[in-house]
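This is structure_26.cif (mmCIF, C-alpha atoms and all ligand atoms).
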```cif
data_model
loop_
_atom_site.label_atom_id
_atom_site.label_comp_id
_atom_site.auth_asym_id
_atom_site.auth_seq_id
_atom_site.Cartn_x
_atom_site.Cartn_y
_atom_site.Cartn_z
CA MET G 1 0.00 0.00 0.00
CA PHE G 2 1.29 3.46 -0.86
CA VAL G 3 1.41 5.88 2.06
CA PRO G 4 2.60 9.36 1.13
CA GLY G 5 5.48 10.60 3.26
CA GLY G 6 4.56 13.16 5.89
CA SER G 7 0.94 12.03 5.90
CA GLN G 8 -0.90 12.72 9.14
CA ILE G 9 -2.88 9.53 8.78
CA ALA G 10 -1.37 6.78 10.89
CA VAL G 11 -2.03 3.43 9.26
CA SER G 12 -0.19 1.38 11.85
CA ARG G 13 -3.31 0.29 13.72
CA LYS G 14 -5.76 -1.44 11.43
CA SER G 15 -9.40 -0.65 12.05
CA PRO G 16 -12.31 -0.65 9.63
CA SER G 17 -12.32 3.14 9.44
CA ASN G 18 -8.73 4.06 8.66
CA SER G 19 -8.31 2.53 5.25
CA LEU G 20 -10.31 2.24 2.09
CA ARG G 21 -10.88 -0.86 0.08
CA CYS G 22 -11.91 -1.40 -3.50
CA PRO G 23 -15.14 -3.41 -3.45
CA ARG G 24 -14.36 -4.77 -6.90
CA CYS G 25 -10.76 -6.04 -6.66
CA GLY G 26 -10.02 -5.81 -2.94
CA THR G 27 -7.02 -3.50 -3.19
CA GLU G 28 -6.51 -1.33 -0.11
CA HIS G 29 -5.92 2.41 -0.34
CA PRO G 30 -5.20 5.31 2.02
CA LEU G 31 -8.13 7.50 3.07
CA ASP G 32 -7.27 10.35 0.71
CA GLU G 33 -7.91 8.22 -2.37
CA ARG G 34 -11.34 8.26 -3.96
CA PHE G 35 -10.97 5.69 -6.69
CA CYS G 36 -9.12 2.39 -7.00
CA SER G 37 -5.74 2.79 -8.67
CA GLU G 38 -6.08 -0.73 -10.09
CA CYS G 39 -9.53 -0.71 -11.65
CA GLY G 40 -10.96 2.79 -11.09
CA PHE G 41 -13.91 1.67 -8.98
CA PRO G 42 -15.08 4.04 -6.19
CA LEU G 43 -13.59 3.01 -2.86
CA VAL G 44 -15.48 2.20 0.33
CA TYR G 45 -14.28 1.96 3.93
CA ALA G 46 -12.44 -1.28 4.57
CA GLY G 47 -14.46 -3.61 6.73
CA TYR G 48 -17.63 -3.17 4.71
CA GLU G 49 -18.34 -6.85 4.33
CA LYS G 50 -21.87 -5.83 3.37
CA ILE G 51 -20.72 -5.08 -0.15
CA ASP G 52 -21.83 -7.76 -2.56
CA PRO G 53 -19.11 -8.36 -5.19
CA GLU G 54 -21.90 -9.20 -7.63
CA TYR G 55 -22.86 -5.51 -7.50
CA THR G 56 -19.50 -4.17 -8.66
CA ARG G 57 -19.39 -5.28 -12.30
CA GLY G 58 -19.79 -3.03 -15.30
CA ASP G 59 -19.76 0.71 -15.86
CA LEU G 60 -21.27 3.22 -13.47
CA VAL G 61 -24.88 4.07 -14.21
CA ARG G 62 -27.04 6.83 -12.70
CA VAL G 63 -29.92 5.28 -10.76
CA ALA G 64 -31.13 8.18 -8.64
CA GLY G 65 -30.64 11.81 -7.83
CA GLY G 66 -30.60 13.88 -4.69
CA ARG G 67 -31.49 17.56 -4.46
CA ASN G 68 -28.30 18.01 -2.44
CA GLN G 69 -25.35 16.11 -0.97
CA ALA G 70 -27.23 15.05 2.16
CA GLU G 71 -30.10 13.58 0.21
CA ALA G 72 -27.70 11.76 -2.12
CA GLU G 73 -25.83 10.32 0.85
CA LEU G 74 -29.10 9.10 2.33
CA ILE G 75 -29.77 7.18 -0.89
CA GLN G 76 -26.18 5.94 -0.83
CA ASN G 77 -26.63 4.56 2.69
CA LEU G 78 -29.88 2.86 1.73
CA LEU G 79 -28.14 1.21 -1.22
CA LEU G 80 -25.31 0.08 1.04
CA GLU G 81 -27.85 -1.62 3.30
CA GLU G 82 -28.62 -3.83 0.30
CA GLY G 83 -24.89 -4.44 -0.28
CA ILE G 84 -24.78 -2.07 -3.26
CA PRO G 85 -21.75 0.25 -3.41
CA SER G 86 -22.46 3.60 -5.03
CA ILE G 87 -20.86 6.92 -5.81
CA VAL G 88 -22.28 10.44 -5.51
CA ARG G 89 -21.38 12.91 -8.21
CA ARG G 90 -22.43 16.47 -8.96
CA THR G 91 -25.17 16.52 -11.57
CA ALA G 92 -23.77 17.66 -14.91
CA GLY G 93 -24.34 21.35 -15.48
CA PHE G 94 -24.26 22.09 -11.75
CA ASP G 95 -20.50 21.73 -11.34
CA VAL G 96 -20.05 25.50 -11.34
CA PRO G 97 -18.86 27.51 -8.30
CA ASP G 98 -22.40 28.55 -7.32
CA TYR G 99 -23.33 24.94 -6.79
CA LEU G 100 -20.14 23.52 -5.32
CA ALA G 101 -21.60 23.26 -1.83
CA GLY G 102 -25.19 22.62 -2.75
CA GLY G 103 -26.89 21.66 -5.96
CA PRO G 104 -28.28 18.36 -7.15
CA ARG G 105 -26.29 15.15 -7.05
CA ASP G 106 -26.35 11.97 -9.11
CA VAL G 107 -26.12 8.60 -7.43
CA LEU G 108 -24.34 6.02 -9.58
CA VAL G 109 -23.94 2.28 -9.17
CA ALA G 110 -22.21 -0.43 -11.20
CA GLU G 111 -24.21 -1.79 -14.12
CA SER G 112 -24.63 -5.20 -12.45
CA ALA G 113 -26.33 -3.51 -9.48
CA VAL G 114 -28.79 -1.40 -11.48
CA PRO G 115 -31.81 -3.77 -11.31
CA ALA G 116 -31.36 -4.33 -7.56
CA ALA G 117 -30.80 -0.62 -6.94
CA ARG G 118 -33.87 0.41 -8.98
CA GLN G 119 -35.99 -2.15 -7.13
CA MET G 120 -34.73 -0.91 -3.78
CA LEU G 121 -35.32 2.74 -4.69
CA LEU G 122 -38.79 1.93 -5.94
CA GLU G 123 -39.64 0.27 -2.63
CA ALA G 124 -38.14 3.20 -0.74
CA ASP G 125 -40.16 5.56 -2.95
CA LEU G 126 -36.97 7.33 -4.06
CA ALA G 127 -37.00 6.35 -7.73
CA PRO G 128 -37.25 9.21 -10.21
CA GLN G 129 -40.92 10.07 -10.46
CA GLU G 130 -42.44 9.03 -13.74
CA ARG G 131 -45.33 11.18 -14.82
CA ALA G 132 -48.60 9.34 -14.94
CA PRO G 133 -50.26 9.25 -18.40
CA GLU G 134 -53.42 10.91 -16.99
CA ASP G 135 -51.36 13.95 -16.09
CA ASP G 136 -50.18 14.24 -19.66
CA ALA G 137 -53.73 13.96 -21.01
CA ARG G 138 -54.99 16.58 -18.57
CA GLY G 139 -52.11 18.89 -19.46
CA LEU G 140 -52.88 18.54 -23.16
CA LEU G 141 -56.58 19.28 -22.59
CA LYS G 142 -55.70 22.39 -20.60
CA THR G 143 -53.32 23.61 -23.31
CA THR G 144 -55.98 23.01 -25.96
CA LEU G 145 -58.58 24.98 -23.97
CA VAL G 146 -56.17 27.87 -23.48
CA VAL G 147 -55.34 27.94 -27.20
CA LEU G 148 -59.05 27.82 -28.11
CA GLY G 149 -59.77 30.63 -25.66
CA VAL G 150 -57.05 32.83 -27.15
CA VAL G 151 -58.23 32.11 -30.70
CA ALA G 152 -61.87 32.84 -29.79
CA GLY G 153 -60.83 36.08 -28.09
CA ALA G 154 -58.84 37.18 -31.13
CA MET G 155 -61.75 36.37 -33.46
CA LEU G 156 -64.15 38.34 -31.26
CA LEU G 157 -61.77 41.30 -31.34
CA VAL G 158 -61.47 41.15 -35.14
CA TRP G 159 -65.27 40.94 -35.43
CA LEU G 160 -65.76 43.96 -33.13
CA LEU G 161 -63.18 45.96 -35.08
CA TRP G 162 -64.92 45.00 -38.33
CA LEU G 163 -68.28 46.16 -36.88
CA ALA G 164 -66.74 49.44 -35.76
CA LEU G 165 -65.25 50.18 -39.15
CA PRO G 166 -67.32 52.52 -41.29
CA SER G 167 -68.60 50.61 -44.32
ZN ZN V 201 -10.08 -2.06 -7.76
#
```

What would the structure in this file look like if it were written as structure tokens?
Amino acid sequence: MFVPGGSQIAVSRKSPSNSLRCPRCGTEHPLDERFCSECGFPLVYAGYEKIDPEYTRGDLVRVAGGRNQAEAELIQNLLLEEGIPSIVRRTAGFDVPDYLAGGPRDVLVAESAVPAARQMLLEADLAPQERAPEDDARGLLKTTLVVLGVVAGAMLLVWLLWLALPS
């Protein structure tokens, strides 16, 4: 394991919280690493036997989003309860200074964990809300009524102007 010289982190005493482990290949890393140097997978705290190696295969896929870091971490913890390792990343387009502290976050898991993660999120009612078809139909009806109203109003105006014009 590589320990940078002058590091304040003492790695002499091994406890679950003072080193990170790659859930995919098992390589250990110091706490200041975020990704595995061997395979690039996001690291978790060593001692997390909960992680299911089945859930670490494939590319990272977005399965959920949080409105902020705290919400994303809540989702992350729920996923971990199911043995699914995940990573939180700033939502694209919000990685500008204004949003560095806050802003929405994406929660990503390995491809092999996507079905399990989606199922879990669905049960926890955290899955991205899909709009019900009735809502779409109602929205369309409303738009149509508004358009008809505007058209009728314009026609009435034209008719009144035509009446007012001297023949
Ligand atoms: Zn690895």

With 12 Å as the cut-off and all atoms listed in the file counted, what is the closest atom pair between each nearby residue of chain G and ligand ZN 201 (chain V)? Distances in Å to one decimal, ordered by chain and number, as CSV.
```
residue,atom,partner,partner_atom,distance
G:Leu20,CA,V:ZN201,ZN,10.8
G:Arg21,CA,V:ZN201,ZN,8.0
G:Cys22,CA,V:ZN201,ZN,4.7
G:Pro23,CA,V:ZN201,ZN,6.8
G:Arg24,CA,V:ZN201,ZN,5.1
G:Cys25,CA,V:ZN201,ZN,4.2
G:Gly26,CA,V:ZN201,ZN,6.1
G:Thr27,CA,V:ZN201,ZN,5.7
G:Glu28,CA,V:ZN201,ZN,8.5
G:His29,CA,V:ZN201,ZN,9.6
G:Glu33,CA,V:ZN201,ZN,11.8
G:Arg34,CA,V:ZN201,ZN,11.1
G:Phe35,CA,V:ZN201,ZN,7.9
G:Cys36,CA,V:ZN201,ZN,4.6
G:Ser37,CA,V:ZN201,ZN,6.6
G:Glu38,CA,V:ZN201,ZN,4.8
G:Cys39,CA,V:ZN201,ZN,4.2
G:Gly40,CA,V:ZN201,ZN,5.9
G:Phe41,CA,V:ZN201,ZN,5.5
G:Pro42,CA,V:ZN201,ZN,8.0
G:Leu43,CA,V:ZN201,ZN,7.9
G:Val44,CA,V:ZN201,ZN,10.6
G:Pro53,CA,V:ZN201,ZN,11.3
G:Thr56,CA,V:ZN201,ZN,9.7
G:Arg57,CA,V:ZN201,ZN,10.8
```

List the neighbours of Ala110 (chain G) out to 10 Å using all atoms listed in the file; skip same-chain residues closer than 3 positions along the sequence, and give me the result as a ChimeraX atom specification. /G:24,41-42,54-63,84-87,113-114,117

To one decimal place in Å, what is the distance between CA of Pro104 (chain G) and CA of Glu71 (chain G)? 9.0 Å

Separation of CA of Gln119 (chain G) and CA of Asn77 (chain G), in Å?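 Going from CA of Gln119 (chain G) over to CA of Asn77 (chain G) covers 15.1 Å.
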
What is the distance between CA of Ala92 (chain G) and CA of Val107 (chain G), in Å to one decimal?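 Atom-to-atom, CA of Ala92 (chain G) and CA of Val107 (chain G) are spaced 12.0 Å apart.
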
For each of G:Leu122, G:Met155, G:Leu140, G:Ala64, take the minimum atom-to-atom distance to Asp106 (chain G), counting all atoms listed in the file, then give the residue where this is smallest. G:Ala64

Distance cut-off 9 Å, centre (-28.3, -8.0, 1.5) in file coordinates, counting all atoms listed in the file: which residues qualify? Return them as a list in words.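 Final list of nearby residues, as requested, is Lys50, Ile51, Asp52, Leu80, Glu81, Glu82, Gly83 and Ile84 of chain G.
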
Find the residue from G:Leu160, G:Arg67, G:Glu123, G:Arg118 that sits nearest to Phe94 (chain G); use all atoms listed in the file when measuring.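 Checking each candidate against Phe94 (chain G), we get G:Arg67 as the closest.
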
Please list, as number ranges by chain, the residues that have an atom at most 6 Å away from (-24.8, 13.0, -9.9) in the coordinates of this file, counting all atoms listed in the file. G: 88-91, 105-107

Of the candidates G:Leu78, G:Ala46, G:Ala70, G:Leu148, which shows the shortest atom-to-atom distance to Ala124 (chain G), using all atoms listed in the file?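 Going through G:Leu78, G:Ala46, G:Ala70, G:Leu148 one by one, the smallest distance to Ala124 (chain G) is for G:Leu78.
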
Please return region 105-119 of chain G, rebuilt to N, CA and C atoms, as a PDB file, keeping the file's coordinate frame.
```pdb
ATOM      1  N   ARG G 105     -27.307  16.189  -6.932  1.00  0.00           N
ATOM      2  CA  ARG G 105     -26.290  15.150  -7.050  1.00  0.00           C
ATOM      3  C   ARG G 105     -26.865  13.928  -7.766  1.00  0.00           C
ATOM      4  N   ASP G 106     -25.993  13.256  -8.508  1.00  0.00           N
ATOM      5  CA  ASP G 106     -26.350  11.970  -9.110  1.00  0.00           C
ATOM      6  C   ASP G 106     -25.821  10.852  -8.231  1.00  0.00           C
ATOM      7  N   VAL G 107     -26.602   9.788  -8.123  1.00  0.00           N
ATOM      8  CA  VAL G 107     -26.120   8.600  -7.430  1.00  0.00           C
ATOM      9  C   VAL G 107     -25.911   7.516  -8.485  1.00  0.00           C
ATOM     10  N   LEU G 108     -24.679   7.005  -8.566  1.00  0.00           N
ATOM     11  CA  LEU G 108     -24.340   6.020  -9.580  1.00  0.00           C
ATOM     12  C   LEU G 108     -23.946   4.688  -8.954  1.00  0.00           C
ATOM     13  N   VAL G 109     -24.347   3.613  -9.616  1.00  0.00           N
ATOM     14  CA  VAL G 109     -23.940   2.280  -9.170  1.00  0.00           C
ATOM     15  C   VAL G 109     -23.385   1.520 -10.379  1.00  0.00           C
ATOM     16  N   ALA G 110     -22.715   0.397 -10.111  1.00  0.00           N
ATOM     17  CA  ALA G 110     -22.210  -0.430 -11.200  1.00  0.00           C
ATOM     18  C   ALA G 110     -23.386  -1.038 -11.958  1.00  0.00           C
ATOM     19  N   GLU G 111     -23.165  -1.262 -13.238  1.00  0.00           N
ATOM     20  CA  GLU G 111     -24.210  -1.790 -14.120  1.00  0.00           C
ATOM     21  C   GLU G 111     -24.884  -3.044 -13.556  1.00  0.00           C
ATOM     22  N   SER G 112     -24.082  -3.935 -12.950  1.00  0.00           N
ATOM     23  CA  SER G 112     -24.630  -5.200 -12.450  1.00  0.00           C
ATOM     24  C   SER G 112     -25.561  -4.980 -11.263  1.00  0.00           C
ATOM     25  N   ALA G 113     -25.489  -3.779 -10.655  1.00  0.00           N
ATOM     26  CA  ALA G 113     -26.330  -3.510  -9.480  1.00  0.00           C
ATOM     27  C   ALA G 113     -27.571  -2.707  -9.829  1.00  0.00           C
ATOM     28  N   VAL G 114     -27.684  -2.291 -11.112  1.00  0.00           N
ATOM     29  CA  VAL G 114     -28.790  -1.400 -11.480  1.00  0.00           C
ATOM     30  C   VAL G 114     -30.173  -1.984 -11.182  1.00  0.00           C
ATOM     31  N   PRO G 115     -30.460  -3.252 -11.599  1.00  0.00           N
ATOM     32  CA  PRO G 115     -31.810  -3.770 -11.310  1.00  0.00           C
ATOM     33  C   PRO G 115     -32.120  -3.792  -9.820  1.00  0.00           C
ATOM     34  N   ALA G 116     -31.153  -4.254  -9.013  1.00  0.00           N
ATOM     35  CA  ALA G 116     -31.360  -4.330  -7.560  1.00  0.00           C
ATOM     36  C   ALA G 116     -31.538  -2.935  -6.967  1.00  0.00           C
ATOM     37  N   ALA G 117     -30.725  -1.985  -7.454  1.00  0.00           N
ATOM     38  CA  ALA G 117     -30.800  -0.620  -6.940  1.00  0.00           C
ATOM     39  C   ALA G 117     -32.144   0.022  -7.293  1.00  0.00           C
ATOM     40  N   ARG G 118     -32.587  -0.160  -8.548  1.00  0.00           N
ATOM     41  CA  ARG G 118     -33.870   0.410  -8.980  1.00  0.00           C
ATOM     42  C   ARG G 118     -35.009  -0.151  -8.146  1.00  0.00           C
ATOM     43  N   GLN G 119     -34.955  -1.478  -7.920  1.00  0.00           N
ATOM     44  CA  GLN G 119     -35.990  -2.150  -7.130  1.00  0.00           C
ATOM     45  C   GLN G 119     -36.020  -1.574  -5.722  1.00  0.00           C
TER      46      GLN G 119
END
```
